[in-house]
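Engineer: Supplied structure: protein09.json, JSON, C-alpha atoms.
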[["chain", "number", "residue", "atom", "x", "y", "z"],
["A", 1, "MET", "CA", 8.33, 7.94, 46.94],
["A", 2, "VAL", "CA", 11.93, 8.18, 45.73],
["A", 3, "THR", "CA", 14.44, 8.67, 48.56],
["A", 4, "LYS", "CA", 17.45, 10.99, 48.37],
["A", 5, "VAL", "CA", 19.74, 7.99, 48.02],
["A", 6, "GLY", "CA", 17.47, 6.50, 45.38],
["A", 7, "LYS", "CA", 17.50, 9.71, 43.38],
["A", 8, "LYS", "CA", 21.30, 9.91, 43.46],
["A", 9, "VAL", "CA", 21.71, 6.27, 42.49],
["A", 10, "SER", "CA", 19.14, 6.51, 39.69],
["A", 11, "GLU", "CA", 20.85, 9.59, 38.26],
["A", 12, "PHE", "CA", 24.21, 7.84, 38.52],
["A", 13, "TYR", "CA", 23.05, 4.78, 36.53],
["A", 14, "ASN", "CA", 21.23, 6.93, 33.98],
["A", 15, "LYS", "CA", 24.58, 8.56, 33.23],
["A", 16, "SER", "CA", 26.66, 5.40, 33.65],
["A", 17, "PRO", "CA", 24.65, 2.26, 32.82],
["A", 18, "PHE", "CA", 26.12, -0.91, 34.30],
["A", 19, "PRO", "CA", 27.53, -3.18, 33.11],
["A", 20, "ASP", "CA", 28.15, -0.90, 30.14],
["A", 21, "PHE", "CA", 28.50, -2.30, 26.64],
["A", 22, "SER", "CA", 28.23, -1.39, 23.00],
["A", 23, "LEU", "CA", 25.32, -3.09, 21.25],
["A", 24, "ASP", "CA", 27.69, -3.83, 18.36],
["A", 25, "ARG", "CA", 29.51, -6.27, 20.63],
["A", 26, "PHE", "CA", 26.65, -8.73, 20.15],
["A", 27, "ASN", "CA", 26.23, -9.83, 16.55],
["A", 28, "SER", "CA", 24.13, -12.90, 17.31],
["A", 29, "LYS", "CA", 22.36, -14.63, 20.16],
["A", 30, "GLU", "CA", 25.34, -16.92, 20.39],
["A", 31, "ASP", "CA", 27.48, -13.90, 21.30],
["A", 32, "LEU", "CA", 25.36, -13.48, 24.44],
["A", 33, "ARG", "CA", 26.40, -16.98, 25.49],
["A", 34, "ILE", "CA", 30.04, -16.66, 24.48],
["A", 35, "THR", "CA", 30.65, -13.30, 26.19],
["A", 36, "ALA", "CA", 28.73, -14.12, 29.39],
["A", 37, "TYR", "CA", 30.68, -14.17, 32.63],
["A", 38, "PRO", "CA", 31.66, -17.70, 33.78],
["A", 39, "PHE", "CA", 29.28, -17.71, 36.73],
["A", 40, "ALA", "CA", 26.43, -16.46, 34.55],
["A", 41, "LYS", "CA", 26.96, -19.57, 32.45],
["A", 42, "ILE", "CA", 26.84, -21.73, 35.57],
["A", 43, "LEU", "CA", 23.56, -20.09, 36.59],
["A", 44, "ASP", "CA", 22.16, -20.70, 33.11],
["A", 45, "ARG", "CA", 23.04, -24.38, 33.35],
["A", 46, "SER", "CA", 21.83, -24.68, 36.97],
["A", 47, "ILE", "CA", 18.33, -23.28, 36.45],
["A", 48, "PRO", "CA", 15.79, -25.59, 34.76],
["A", 49, "GLU", "CA", 14.55, -24.56, 31.34],
["A", 50, "ASP", "CA", 10.91, -24.59, 32.46],
["A", 51, "ALA", "CA", 11.59, -22.22, 35.39],
["A", 52, "SER", "CA", 10.34, -18.64, 35.57],
["A", 53, "ILE", "CA", 13.05, -16.13, 36.50],
["A", 54, "ILE", "CA", 13.21, -12.49, 37.52],
["A", 55, "ASP", "CA", 16.47, -10.56, 37.63],
["A", 56, "VAL", "CA", 15.96, -7.75, 40.16],
["A", 57, "GLY", "CA", 18.16, -4.78, 39.34],
["A", 58, "THR", "CA", 18.91, -6.20, 35.91],
["A", 59, "GLY", "CA", 20.82, -3.09, 34.79],
["A", 60, "THR", "CA", 21.70, -3.31, 31.10],
["A", 61, "GLY", "CA", 20.25, -6.81, 30.94],
["A", 62, "GLN", "CA", 23.02, -9.10, 29.75],
["A", 63, "LEU", "CA", 22.32, -11.78, 32.38],
["A", 64, "SER", "CA", 18.55, -11.76, 32.04],
["A", 65, "ALA", "CA", 18.81, -11.72, 28.23],
["A", 66, "LEU", "CA", 21.11, -14.75, 28.40],
["A", 67, "LEU", "CA", 18.68, -16.61, 30.66],
["A", 68, "SER", "CA", 15.78, -15.83, 28.30],
["A", 69, "LEU", "CA", 17.41, -17.67, 25.40],
["A", 70, "ARG", "CA", 16.33, -21.06, 26.77],
["A", 71, "ARG", "CA", 13.26, -20.10, 28.82],
["A", 72, "LYS", "CA", 9.71, -18.91, 28.24],
["A", 73, "ASN", "CA", 9.30, -16.46, 31.13],
["A", 74, "VAL", "CA", 12.21, -14.23, 32.15],
["A", 75, "TRP", "CA", 11.84, -10.74, 33.60],
["A", 76, "GLY", "CA", 14.30, -7.98, 34.31],
["A", 77, "ILE", "CA", 13.36, -5.04, 36.51],
["A", 78, "ASP", "CA", 15.35, -1.93, 37.36],
["A", 79, "PHE", "CA", 14.66, 1.68, 38.33],
["A", 80, "SER", "CA", 17.26, 3.22, 36.00],
["A", 81, "GLU", "CA", 15.82, 4.30, 32.65],
["A", 82, "GLY", "CA", 19.33, 4.67, 31.25],
["A", 83, "SER", "CA", 20.26, 1.07, 32.05],
["A", 84, "LEU", "CA", 16.92, -0.36, 30.92],
["A", 85, "LYS", "CA", 17.21, 1.51, 27.64],
["A", 86, "LYS", "CA", 20.22, -0.65, 26.78],
["A", 87, "ALA", "CA", 18.44, -3.81, 27.98],
["A", 88, "ILE", "CA", 15.45, -2.97, 25.76],
["A", 89, "ALA", "CA", 17.75, -2.42, 22.78],
["A", 90, "LEU", "CA", 19.27, -5.86, 23.39],
["A", 91, "LYS", "CA", 15.81, -7.45, 23.65],
["A", 92, "ASN", "CA", 14.59, -5.79, 20.46],
["A", 93, "LYS", "CA", 17.73, -6.58, 18.46],
["A", 94, "TYR", "CA", 17.28, -10.32, 18.94],
["A", 95, "LYS", "CA", 13.47, -10.36, 19.25],
["A", 96, "LEU", "CA", 13.57, -12.01, 22.68],
["A", 97, "ASP", "CA", 9.81, -12.53, 23.07],
["A", 98, "SER", "CA", 10.14, -14.42, 26.38],
["A", 99, "TYR", "CA", 12.09, -11.54, 27.91],
["A", 100, "HIS", "CA", 10.10, -8.85, 29.76],
["A", 101, "LEU", "CA", 11.44, -5.57, 31.15],
["A", 102, "LYS", "CA", 9.86, -3.11, 33.55],
["A", 103, "ILE", "CA", 10.88, -0.03, 35.54],
["A", 104, "VAL", "CA", 10.44, -0.85, 39.23],
["A", 105, "ASP", "CA", 11.75, 0.74, 42.42],
["A", 106, "ILE", "CA", 12.28, -2.21, 44.76],
["A", 107, "LEU", "CA", 11.83, 0.00, 47.84],
["A", 108, "ASP", "CA", 8.23, 0.55, 46.74],
["A", 109, "VAL", "CA", 6.34, -2.64, 47.55],
["A", 110, "ASP", "CA", 3.38, -1.57, 45.40],
["A", 111, "GLN", "CA", 5.67, -1.33, 42.38],
["A", 112, "ILE", "CA", 7.06, -4.77, 43.24],
["A", 113, "ARG", "CA", 3.53, -6.18, 43.32],
["A", 114, "SER", "CA", 2.71, -4.49, 40.02],
["A", 115, "VAL", "CA", 4.87, -7.12, 38.29],
["A", 116, "GLY", "CA", 1.80, -9.28, 38.81],
["A", 117, "GLN", "CA", 3.36, -12.69, 39.38],
["A", 118, "LYS", "CA", 5.74, -14.74, 41.51],
["A", 119, "PHE", "CA", 8.75, -16.61, 40.18],
["A", 120, "ASP", "CA", 10.60, -19.88, 40.62],
["A", 121, "TYR", "CA", 13.94, -18.06, 40.75],
["A", 122, "VAL", "CA", 14.61, -14.54, 42.02],
["A", 123, "LEU", "CA", 18.09, -13.16, 41.36],
["A", 124, "CYS", "CA", 19.20, -9.88, 42.95],
["A", 125, "MET", "CA", 22.93, -9.55, 42.51],
["A", 126, "GLY", "CA", 24.89, -6.41, 43.36],
["A", 127, "VAL", "CA", 21.75, -4.35, 43.93],
["A", 128, "LEU", "CA", 20.52, -4.30, 47.53],
["A", 129, "HIS", "CA", 23.62, -2.53, 48.90],
["A", 130, "HIS", "CA", 22.94, 0.46, 46.63],
["A", 131, "THR", "CA", 19.33, 1.08, 47.73],
["A", 132, "GLY", "CA", 19.73, 2.98, 50.99],
["A", 133, "ASP", "CA", 17.64, 0.33, 52.78],
["A", 134, "THR", "CA", 19.22, -3.05, 52.12],
["A", 135, "TYR", "CA", 17.06, -5.00, 54.54],
["A", 136, "GLY", "CA", 13.84, -3.30, 53.45],
["A", 137, "ALA", "CA", 14.64, -4.02, 49.82],
["A", 138, "PHE", "CA", 15.36, -7.67, 50.68],
["A", 139, "LYS", "CA", 11.97, -8.02, 52.38],
["A", 140, "ASN", "CA", 10.25, -6.50, 49.36],
["A", 141, "ILE", "CA", 11.80, -8.82, 46.79],
["A", 142, "LEU", "CA", 10.46, -11.82, 48.72],
["A", 143, "GLU", "CA", 7.08, -10.72, 47.33],
["A", 144, "LEU", "CA", 8.37, -12.04, 43.99],
["A", 145, "VAL", "CA", 9.30, -15.57, 45.11],
["A", 146, "LYS", "CA", 6.95, -18.52, 44.90],
["A", 147, "PRO", "CA", 6.78, -20.68, 48.05],
["A", 148, "GLY", "CA", 9.50, -23.24, 47.47],
["A", 149, "GLY", "CA", 11.19, -20.94, 44.98],
["A", 150, "CYS", "CA", 14.90, -20.14, 44.95],
["A", 151, "ILE", "CA", 16.61, -16.85, 45.67],
["A", 152, "CYS", "CA", 20.09, -15.46, 45.16],
["A", 153, "ILE", "CA", 21.35, -12.17, 46.56],
["A", 154, "GLY", "CA", 24.76, -10.62, 45.95],
["A", 155, "LEU", "CA", 26.26, -8.11, 48.39],
["A", 156, "TYR", "CA", 29.52, -6.41, 49.30],
["A", 157, "ASN", "CA", 31.14, -8.06, 52.29],
["A", 158, "ARG", "CA", 32.16, -5.88, 55.24],
["A", 159, "TYR", "CA", 35.61, -7.48, 55.40],
["A", 160, "GLY", "CA", 36.23, -8.44, 51.80],
["A", 161, "ARG", "CA", 35.50, -4.88, 50.70],
["A", 162, "ILE", "CA", 38.32, -3.38, 52.80],
["A", 163, "PRO", "CA", 41.09, -3.57, 50.13],
["A", 164, "LEU", "CA", 38.82, -1.96, 47.53],
["A", 165, "LYS", "CA", 37.94, 0.84, 49.97],
["A", 166, "ILE", "CA", 41.65, 1.49, 50.41],
["A", 167, "ARG", "CA", 42.12, 1.63, 46.62],
["A", 168, "ILE", "CA", 39.16, 4.04, 46.35],
["A", 169, "LEU", "CA", 40.77, 6.32, 48.96],
["A", 170, "LEU", "CA", 44.11, 6.23, 47.11],
["A", 171, "ALA", "CA", 42.42, 6.91, 43.76],
["A", 172, "ARG", "CA", 40.65, 9.97, 45.20],
["A", 173, "THR", "CA", 43.69, 11.39, 46.96],
["A", 174, "ILE", "CA", 47.32, 10.44, 46.26],
["A", 175, "PHE", "CA", 46.69, 9.04, 42.76],
["A", 176, "LYS", "CA", 43.78, 11.28, 41.80],
["A", 177, "ASN", "CA", 45.22, 12.25, 38.40],
["A", 178, "ASN", "CA", 47.31, 9.16, 37.74],
["A", 179, "ASP", "CA", 45.80, 7.29, 34.79],
["A", 180, "ARG", "CA", 48.34, 4.46, 35.02],
["A", 181, "VAL", "CA", 47.37, 3.66, 38.60],
["A", 182, "LYS", "CA", 43.70, 3.99, 37.67],
["A", 183, "GLU", "CA", 44.16, 1.45, 34.87],
["A", 184, "TRP", "CA", 46.04, -0.87, 37.22],
["A", 185, "PHE", "CA", 43.27, -0.71, 39.82],
["A", 186, "ILE", "CA", 40.52, -1.52, 37.35],
["A", 187, "ARG", "CA", 42.60, -4.29, 35.74],
["A", 188, "MET", "CA", 42.67, -5.97, 39.17],
["A", 189, "GLN", "CA", 38.92, -6.47, 38.85],
["A", 190, "ILE", "CA", 38.21, -7.08, 35.18],
["A", 191, "GLY", "CA", 41.58, -8.05, 33.72],
["A", 192, "ASP", "CA", 41.57, -6.82, 30.14],
["A", 193, "VAL", "CA", 40.89, -3.08, 29.82],
["A", 194, "LYS", "CA", 40.85, -2.93, 26.01],
["A", 195, "ASP", "CA", 37.06, -2.66, 26.03],
["A", 196, "LYS", "CA", 36.91, 0.98, 27.08],
["A", 197, "GLU", "CA", 33.14, 1.06, 27.64],
["A", 198, "ARG", "CA", 33.31, -1.93, 29.94],
["A", 199, "ALA", "CA", 36.34, -0.53, 31.78],
["A", 200, "ARG", "CA", 34.66, 2.87, 32.21],
["A", 201, "GLY", "CA", 31.47, 1.24, 33.48],
["A", 202, "TRP", "CA", 33.37, -0.84, 36.03],
["A", 203, "TRP", "CA", 35.44, 2.12, 37.18],
["A", 204, "ASN", "CA", 32.36, 4.27, 37.71],
["A", 205, "ASP", "CA", 30.49, 1.49, 39.51],
["A", 206, "GLN", "CA", 33.35, 0.55, 41.82],
["A", 207, "PHE", "CA", 35.16, 3.85, 42.38],
["A", 208, "GLU", "CA", 32.59, 6.60, 41.77],
["A", 209, "HIS", "CA", 29.32, 5.17, 43.07],
["A", 210, "PRO", "CA", 27.34, 7.64, 45.25],
["A", 211, "HIS", "CA", 26.10, 5.06, 47.76],
["A", 212, "GLU", "CA", 26.97, 1.59, 48.98],
["A", 213, "THR", "CA", 26.76, -0.44, 52.17],
["A", 214, "THR", "CA", 28.62, -3.56, 53.28],
["A", 215, "HIS", "CA", 27.24, -6.63, 55.03],
["A", 216, "THR", "CA", 28.17, -9.92, 56.67],
["A", 217, "VAL", "CA", 27.14, -13.53, 56.14],
["A", 218, "GLY", "CA", 25.70, -13.57, 59.66],
["A", 219, "GLU", "CA", 23.51, -10.59, 58.80],
["A", 220, "VAL", "CA", 22.10, -12.34, 55.74],
["A", 221, "ASN", "CA", 21.69, -15.51, 57.77],
["A", 222, "LYS", "CA", 19.45, -13.59, 60.20],
["A", 223, "TRP", "CA", 17.39, -12.14, 57.34],
["A", 224, "PHE", "CA", 16.87, -15.62, 55.94],
["A", 225, "ARG", "CA", 15.86, -17.08, 59.31],
["A", 226, "LYS", "CA", 13.45, -14.25, 60.04],
["A", 227, "HIS", "CA", 11.68, -14.49, 56.70],
["A", 228, "GLY", "CA", 11.50, -18.20, 56.06],
["A", 229, "VAL", "CA", 14.37, -18.61, 53.60],
["A", 230, "GLU", "CA", 16.41, -21.79, 53.89],
["A", 231, "PHE", "CA", 20.13, -21.00, 53.67],
["A", 232, "PHE", "CA", 21.79, -23.13, 50.97],
["A", 233, "GLU", "CA", 25.27, -21.97, 50.04],
["A", 234, "THR", "CA", 27.51, -18.98, 49.45],
["A", 235, "VAL", "CA", 29.93, -18.19, 46.65],
["A", 236, "PRO", "CA", 32.75, -18.10, 47.67],
["A", 237, "SER", "CA", 31.86, -21.03, 49.88],
["A", 238, "THR", "CA", 31.53, -20.68, 53.65],
["A", 239, "VAL", "CA", 31.89, -24.43, 54.20],
["A", 240, "MET", "CA", 35.03, -25.30, 56.15],
["A", 241, "PHE", "CA", 37.49, -27.65, 54.43],
["A", 242, "GLU", "CA", 35.49, -27.63, 51.21],
["A", 243, "ASN", "CA", 36.07, -25.95, 47.88],
["A", 244, "PRO", "CA", 33.04, -27.14, 45.92],
["A", 245, "ASP", "CA", 32.86, -27.36, 42.17],
["A", 246, "PHE", "CA", 29.65, -25.40, 41.65],
["A", 247, "GLU", "CA", 29.57, -26.52, 38.04],
["A", 248, "VAL", "CA", 28.90, -30.02, 39.37],
["A", 249, "SER", "CA", 27.28, -29.53, 42.77],
["A", 250, "GLY", "CA", 25.10, -26.55, 41.95],
["A", 251, "VAL", "CA", 24.20, -23.76, 44.36],
["A", 252, "TRP", "CA", 20.64, -24.70, 45.28],
["A", 253, "ASN", "CA", 21.52, -28.25, 46.13],
["A", 254, "GLN", "CA", 22.01, -28.68, 49.89],
["A", 255, "SER", "CA", 21.59, -26.57, 53.01],
["A", 256, "LYS", "CA", 25.03, -25.61, 54.35],
["A", 257, "ARG", "CA", 24.43, -22.93, 56.97],
["A", 258, "PRO", "CA", 27.82, -22.02, 58.50],
["A", 259, "ASN", "CA", 28.31, -21.59, 62.23],
["A", 260, "LEU", "CA", 29.67, -18.41, 63.81],
["A", 261, "MET", "CA", 33.34, -19.41, 63.96],
["A", 262, "VAL", "CA", 33.39, -20.63, 60.36],
["A", 263, "ARG", "CA", 31.69, -17.41, 59.18],
["A", 264, "ILE", "CA", 34.28, -15.29, 60.96],
["A", 265, "PHE", "CA", 37.21, -17.32, 59.63],
["A", 266, "LYS", "CA", 35.95, -17.37, 56.05],
["A", 267, "GLN", "CA", 35.11, -13.67, 55.93],
["A", 268, "PHE", "CA", 38.52, -12.64, 57.23],
["A", 269, "LYS", "CA", 39.99, -14.87, 54.54],
["A", 270, "TRP", "CA", 37.86, -13.00, 51.98],
["A", 271, "ILE", "CA", 39.93, -9.86, 52.67],
["A", 272, "TRP", "CA", 42.63, -11.47, 50.54],
["A", 273, "SER", "CA", 40.71, -13.96, 48.41],
["A", 274, "THR", "CA", 37.91, -11.68, 47.14],
["A", 275, "HIS", "CA", 39.66, -8.33, 46.85],
["A", 276, "HIS", "CA", 39.76, -8.65, 43.04],
["A", 277, "GLU", "CA", 35.94, -8.80, 43.11],
["A", 278, "GLY", "CA", 35.70, -5.93, 45.58],
["A", 279, "GLY", "CA", 34.61, -8.25, 48.38],
["A", 280, "TYR", "CA", 31.49, -9.33, 46.49],
["A", 281, "TRP", "CA", 29.75, -12.55, 47.49],
["A", 282, "LEU", "CA", 26.53, -14.41, 46.69],
["A", 283, "THR", "CA", 24.12, -16.18, 49.02],
["A", 284, "PHE", "CA", 21.66, -18.78, 47.77],
["A", 285, "GLY", "CA", 18.50, -19.96, 49.48],
["A", 286, "ARG", "CA", 15.01, -21.40, 49.10],
["A", 287, "TYR", "CA", 11.90, -19.53, 50.20],
["A", 288, "ILE", "CA", 9.78, -21.76, 52.43],
["A", 289, "GLY", "CA", 6.92, -19.32, 53.01],
["A", 290, "ASP", "CA", 5.00, -18.59, 56.17],
["A", 291, "VAL", "CA", 1.85, -19.77, 57.91],
["A", 292, "GLU", "CA", -0.32, -18.19, 60.59],
["A", 293, "ASN", "CA", -0.29, -19.75, 64.07],
["A", 294, "GLY", "CA", -3.38, -19.90, 66.20],
["A", 295, "ASP", "CA", -2.22, -16.84, 68.13],
["A", 296, "GLY", "CA", -2.01, -14.82, 64.91],
["A", 297, "LYS", "CA", 1.78, -14.76, 64.82],
["A", 298, "LYS", "CA", 3.73, -15.88, 61.76],
["A", 299, "SER", "CA", 6.02, -18.88, 61.77],
["A", 300, "TYR", "CA", 7.79, -20.73, 58.99],
["A", 301, "LYS", "CA", 7.10, -24.23, 57.86],
["A", 302, "ARG", "CA", 9.91, -26.29, 56.36],
["A", 303, "GLU", "CA", 9.01, -28.89, 53.77]]
Please re-express this file's structure in structure tokens.

Structural biologist:
Amino acid sequence: MVTKVGKKVSEFYNKSPFPDFSLDRFNSKEDLRITAYPFAKILDRSIPEDASIIDVGTGTGQLSALLSLRRKNVWGIDFSEGSLKKAIALKNKYKLDSYHLKIVDILDVDQIRSVGQKFDYVLCMGVLHHTGDTYGAFKNILELVKPGGCICIGLYNRYGRIPLKIRILLARTIFKNNDRVKEWFIRMQIGDVKDKERARGWWNDQFEHPHETTHTVGEVNKWFRKHGVEFFETVPSTVMFENPDFEVSGVWNQSKRPNLMVRIFKQFKWIWSTHHEGGYWLTFGRYIGDVENGDGKKSYKRE
């Protein structure tokens, strides 16, 4: 059953697919690689070619299409027909046979299970905080991960999001009709605003979205502990005195669960260091799976 929040968000993305693009931007498969965001390229190089991947909340599909170029089993799921329409057009244009798309509401566990398989890598970036039930959606997407499989979730941080919330307030009040300020605000996040479709998509997603929530690293840490997910790393990093080169070290490489004081320090620092990204951060982990104890209760077994 679609919730009120779900209906609003679905209608929003049907009218404003994200990330928006013109299909003419991509003239070849190589263009998908060239125009990909830097971290998308790191993900592509970090994930083995024989891995199965699902991009949960794939939107218009640029990331999942990129990942399908070198792999035999890549899925993208979303509940916005408007966004998936663009992803399907991208798939068809380049005949990406290993790329599969499906409409799925991740708050409906039966729809999640209808995908019919589990994956080595589950990516869910910038999605959960728009669902109306972030934790419930997180639990549901674990249905898609193989035991021992890897997961990545991207969320808005409670502290890092503060500067963007201030800009949103200013854009809706004092500078409501000021196009120059509007352009300046969106340039903070995406730099070049010559691509009007991309700029419009980012503006709508960041400044006009009907629903979002913010979260902390400690909150995600608790979710992981409760559901048998080994905490690996965050981007930006929450390791004290370390600025890792993820191109070299990878993000599913070593467990680096931060303690309380480090989490607090790093997240306050994100107020300044991540404001260009709207306080967005990624958390990476590995799903261990669960076993039944003799008393019928679930516990988690680490390999």

Engineer: Could you tell me which of A:Thr213, A:Ser80, A:Ser273, A:Asn73 comes closest to A:Phe12 if we count all atoms listed in the file?

Structural biologist: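 Nearest candidate to A:Phe12 out of A:Thr213, A:Ser80, A:Ser273, A:Asn73: A:Ser80.
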
Engineer: So how far away is atom CA of A:Glu230 from atom CA of A:Val262, in Å?

Structural biologist: 18.2 Å

Engineer: Which residue gives the smallest distance to A:Glu219 among A:Gln254, A:Asn157, A:Thr131, A:Asn14, with all atoms listed in the file counted?

Structural biologist: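 That would be A:Asn157, the residue with the smallest distance to A:Glu219.
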
Engineer: Per residue of stretch 221-295 of chain A within 12 Å of stretch 166-178 of chain A, record the nearest atom pair and its distance in Å to one decimal, counting all atoms listed in the file, with rows in chain order and ascending residue number, as a tab-separated table.

Structural biologist:
residue	atom	partner	partner_atom	distance
A:Ile271	CA	A:Ile166	CA	11.7
A:His275	CA	A:Arg167	CA	10.3
A:His276	CA	A:Arg167	CA	11.1
A:Gly278	CA	A:Arg167	CA	10.0

Engineer: Those same residues, written as a PDB file, in the coordinates of the input with C-alpha atoms?

Structural biologist:
ATOM      1  CA  ILE A 271      39.930  -9.860  52.670  1.00  0.00           C
ATOM      2  CA  HIS A 275      39.660  -8.330  46.850  1.00  0.00           C
ATOM      3  CA  HIS A 276      39.760  -8.650  43.040  1.00  0.00           C
ATOM      4  CA  GLY A 278      35.700  -5.930  45.580  1.00  0.00           C
TER       5      GLY A 278
END

Engineer: For A:Gly57, which residue out of A:Arg113, A:Tyr99, A:His129, A:Asp120 is the nearest one, using only C-alpha atoms?

Structural biologist: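 The closest residue to A:Gly57 is A:His129.
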
Engineer: Using all atoms listed in the file, which of A:Arg198, A:Arg263, A:Lys7, A:His100 sits nearest A:Thr216?

Structural biologist: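 Among the listed residues, A:Arg263 lies closest to A:Thr216.
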
Engineer: Rank A:Arg71, A:Glu81, A:Lys95, A:Leu260 by their smallest atom-to-atom distance to A:Val239, using all atoms listed in the file, and report the top residue only.

Structural biologist: A:Leu260

Engineer: Skipping near chain neighbours, those fewer than 3 positions away, what residues fall within 12 Å of A:Met261 using only C-alpha atoms, listed as an MDAnalysis selection string?

Structural biologist: chainID A and resid 217:218 238:240 257:258 264:268

Engineer: Measuring between all atoms listed in the file, which one of A:His215, A:His209, A:Arg286, A:Lys41 shows the shortest distance to A:Leu66?

Structural biologist: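 Residue with the minimum atom-to-atom distance to A:Leu66: A:Lys41.
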
Engineer: Any idea what's packed within 10 Å of stretch 17-32 of chain A, counting all atoms listed in the file, ignoring anything in its chain fewer than 5 positions away? Could you give it as JSON, numbers by chain?

Structural biologist: {"A": [10, 11, 12, 37, 58, 59, 60, 61, 62, 63, 65, 66, 67, 69, 80, 81, 82, 83, 84, 85, 86, 87, 89, 90, 93, 94, 95, 96, 195, 196, 197, 198, 199, 200, 201, 202, 204, 205]}

Engineer: Now that the selection is made, can you save its residues with C-alpha atoms as an mmCIF file, in the frame of the given file?

Structural biologist:
data_model
loop_
_atom_site.group_PDB
_atom_site.id
_atom_site.type_symbol
_atom_site.label_atom_id
_atom_site.label_comp_id
_atom_site.auth_asym_id
_atom_site.auth_seq_id
_atom_site.Cartn_x
_atom_site.Cartn_y
_atom_site.Cartn_z
ATOM 1 C CA SER A 10 19.140 6.510 39.690
ATOM 2 C CA GLU A 11 20.850 9.590 38.260
ATOM 3 C CA PHE A 12 24.210 7.840 38.520
ATOM 4 C CA TYR A 37 30.680 -14.170 32.630
ATOM 5 C CA THR A 58 18.910 -6.200 35.910
ATOM 6 C CA GLY A 59 20.820 -3.090 34.790
ATOM 7 C CA THR A 60 21.700 -3.310 31.100
ATOM 8 C CA GLY A 61 20.250 -6.810 30.940
ATOM 9 C CA GLN A 62 23.020 -9.100 29.750
ATOM 10 C CA LEU A 63 22.320 -11.780 32.380
ATOM 11 C CA ALA A 65 18.810 -11.720 28.230
ATOM 12 C CA LEU A 66 21.110 -14.750 28.400
ATOM 13 C CA LEU A 67 18.680 -16.610 30.660
ATOM 14 C CA LEU A 69 17.410 -17.670 25.400
ATOM 15 C CA SER A 80 17.260 3.220 36.000
ATOM 16 C CA GLU A 81 15.820 4.300 32.650
ATOM 17 C CA GLY A 82 19.330 4.670 31.250
ATOM 18 C CA SER A 83 20.260 1.070 32.050
ATOM 19 C CA LEU A 84 16.920 -0.360 30.920
ATOM 20 C CA LYS A 85 17.210 1.510 27.640
ATOM 21 C CA LYS A 86 20.220 -0.650 26.780
ATOM 22 C CA ALA A 87 18.440 -3.810 27.980
ATOM 23 C CA ALA A 89 17.750 -2.420 22.780
ATOM 24 C CA LEU A 90 19.270 -5.860 23.390
ATOM 25 C CA LYS A 93 17.730 -6.580 18.460
ATOM 26 C CA TYR A 94 17.280 -10.320 18.940
ATOM 27 C CA LYS A 95 13.470 -10.360 19.250
ATOM 28 C CA LEU A 96 13.570 -12.010 22.680
ATOM 29 C CA ASP A 195 37.060 -2.660 26.030
ATOM 30 C CA LYS A 196 36.910 0.980 27.080
ATOM 31 C CA GLU A 197 33.140 1.060 27.640
ATOM 32 C CA ARG A 198 33.310 -1.930 29.940
ATOM 33 C CA ALA A 199 36.340 -0.530 31.780
ATOM 34 C CA ARG A 200 34.660 2.870 32.210
ATOM 35 C CA GLY A 201 31.470 1.240 33.480
ATOM 36 C CA TRP A 202 33.370 -0.840 36.030
ATOM 37 C CA ASN A 204 32.360 4.270 37.710
ATOM 38 C CA ASP A 205 30.490 1.490 39.510
#

Engineer: At a cut-off of 6 Å, using all atoms listed in the file, what residues contact A:Ile151? Leave out same-chain residues fewer than 5 positions from it and give the result as a list in words.

Structural biologist: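 Within the cut-off, the hits are Tyr121, Val122, Leu123, Phe284, Gly285 and Arg286 of chain A.
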
Engineer: Using atom CA of A:Val235 and atom CA of A:Val127 as the two end points, give the distance in Å to one decimal.

Structural biologist: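 Result for atom CA of A:Val235 versus atom CA of A:Val127: 16.3 Å, one decimal.
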
Engineer: What does the structure give for the distance between atom CA of A:Lys256 and atom CA of A:Asn221, in Å to one decimal?

Structural biologist: 11.2 Å

Engineer: Enclose stretch 269-278 of chain A, meaning all of its atoms listed in the file, in a box aligned along x, y and z, pad it by 8 Å on each side, and list the centre and edge lengths in Å to one decimal, as lines of an AutoDock Vina configuration file.

Structural biologist:
center_x = 39.2
center_y = -10.4
center_z = 48.8
size_x = 22.9
size_y = 24.9
size_z = 27.5
